[in-house]
Amino acid sequence: MKLLSLFALIALCAMACSQPAVSQQQPEVLNGLDVLEQNQFAELEGKRVGLITNATGVNKDLISNIDLLHQSENVQLVALFGPEHGVRGDINAGDYVETYIDEKTGITVFSVYGATRKPTQEMLEGIDVLIYDIQDVGSRSYTFISTMGLAMEAAAEKGIEFMVLDRPNPLGGKIEGNLTEPDYISFVSQFEIPYVYGMTSGELARMLNAEGMLNGGMQVDLTVIPMTGWNRSMSFEDTGLPWVPTSPHIPHRHTAVYYTATGILGELHTLSEGVGYTMPFEVFGAPWIDAQLMAERMNNLGLEGITFRPKTWRPYYGRNEGEVLHGVQLYIHDFSKVNIMSLQFLFMQEHHVLHPDKNPFDTTPARIRMFDRVAGSSTVRELFSENFLYADVEPFLNKDVASFRERSQPYYLYP
């Protein structure tokens with residue numbers, strides 16, 4: 001009997017030890033859409049609604065905002081507006097979106113990516129409120145905030161309300177990079193803000209509206225439906241919310257961070273940032289690089305919050321399709337300690353030491369123009385390419401950070 005009791009005790013101990021540790025409960029964050037839904041869409045009652053959205057416009061249970069609004073008894077959804085990738089996320093990057101009918105709801109989808117990037121006054125006919133509900137990635141060059149700003153202008157011109165359903169910024173409150181200079185305003189740098197601007201879409205909309213940053217200083221009748229439970233120190237993983245790919249090359253919640261780390265360099269089309277492989281924006285490489293040596297040089301920089309691993313891969317499509325590339329994989333394990341934007345310049349710095357004959361800026365004029373537009377100024381390229389030292393361009397990249405943080409704080413909705 002005592003032996004059986006001993007076996008039972010051992011078995012119970014083994015079962016207890018085998019149970020997974022109880023993880024700390026993630027804070028419950030609700031998107032603006034969730035908050036609106038909890039309130040039974042009362043803010044939209046009696047209004048004819050136009051919706052700018054894409055596949056990321058889902059509630060915490062992954063139900064599309066299109067379907068929620070369409071099915072709601074007190075909401076009249078009358079028009080949809082498709083940015084890059086379309087309202088259901090089924091359009092390839094860079095492909096123009098044409099006006100079409102959403103098969104599930106029968107509602108017209110107007111294109112705001114293509115010949116028309118700003119809703120026309122005709123498109124807004126019969127609309128009382130234009131809603132923007134898209135997950136952002138926190139980098140200026142990602143075109144969804146450009147769509148938001150242009151739509152705000154269109155709504156102001158039409159004299160209708162504009163509403164933002166707020167969502168987390170995956171880069172939290174980070175601010176990095178220079179302001180866009182007036183001559184470099186474009187769809188990939190639509191506003192005079194830093195490359196990493198540390199605001200949610202709702203906060204940015206408030207700033208654009210109040211600071212006269214829309215065309216001609218116009219203002220729109222703006223409403224922001226804030227999130228609950230979010231704060232600026234959070235990574236997206238901290239929110240507990242599901243991640244829907246914001247585009248085909250931002251498949252995971254962490255990819256937004258890597259996009260900022262490598263995407264500007266990727267505009268040159270001379271060194272690979274991983275697009276075309278299973279790790280978009282998570283690697284640097286080229287056919288001629290010694291991966292082991294490059295990893296050693298990058299790790300020897302002593303950067304906090306990141307480790308570099310030698311990596312060899314073969315892209316499946318796009319640039320370098322089928323070629324064997326060598327380089328480094330980035331492992332950002334504490335992005336709060338990393339100047340994310342600096343990583344591409346530090347890589348080009350170390351690459352230049354090893355391969356001074358391989359100039360990443362030896363590319364087409366079109367690629368140089370795109371690099372400058374994304375960087376917000378030709379000065380970034382000019383300062384860096386003189387000696388290929390990050391230290392030469394670092395003061396320029398950081399010159400606007402403190403002033404923008406001070407200027408943007410009055411528009412914060414979250415601690």
# chains A, B, ... in the order shown; residues from 1 in each chain; ligands from 1

$ select_by_dssp --residues "stretch 152-367 of chain A" --states "strand (DSSP E or B)" --output "PyMOL selection string"
chain A and resi 161-165+175-176+186+189+196-197+221-225+228+272+275+277+283-286+306-313+325-332

$ residues_around --residues "stretch 288-296 of chain A" --least-positions-apart "3" --cutoff "7 Å" --atoms "only C-alpha atoms" --output "JSON, numbers by chain"
{"A": [285, 299, 300, 308, 309, 310, 311, 326, 327, 328]}

$ residues_around --residues "A:Met279" --least-positions-apart "3" --cutoff "10 Å" --atoms "only C-alpha atoms" --output "ChimeraX atom specification"
/A:249-252,255,258,273-276,282-283,313,315,329

$ write_last_selection --atoms "C-alpha atoms" --output "CSV table (one decimal), in the first residue's frame"
chain,number,residue,atom,x,y,z
A,249,HIS,CA,5.9,41.0,-47.8
A,250,ILE,CA,4.9,41.8,-44.3
A,251,PRO,CA,3.6,38.4,-43.3
A,252,HIS,CA,4.4,38.4,-39.6
A,255,THR,CA,8.3,42.0,-40.1
A,258,TYR,CA,12.6,44.5,-40.1
A,273,GLU,CA,16.9,42.6,-48.3
A,274,GLY,CA,15.3,39.1,-48.5
A,275,VAL,CA,12.2,40.0,-50.7
A,276,GLY,CA,11.7,37.0,-52.9
A,282,GLU,CA,15.2,40.0,-42.4
A,283,VAL,CA,18.4,39.5,-44.2
A,313,TRP,CA,19.8,31.5,-49.4
A,315,PRO,CA,15.4,33.7,-53.7
A,329,GLN,CA,20.2,37.2,-40.9

$ select_by_dssp --residues "stretch 155-291 of chain A" --states "alpha helix (DSSP H)" --output "ChimeraX atom specification"
/A:155-158,201-210,236-239,255-266,291
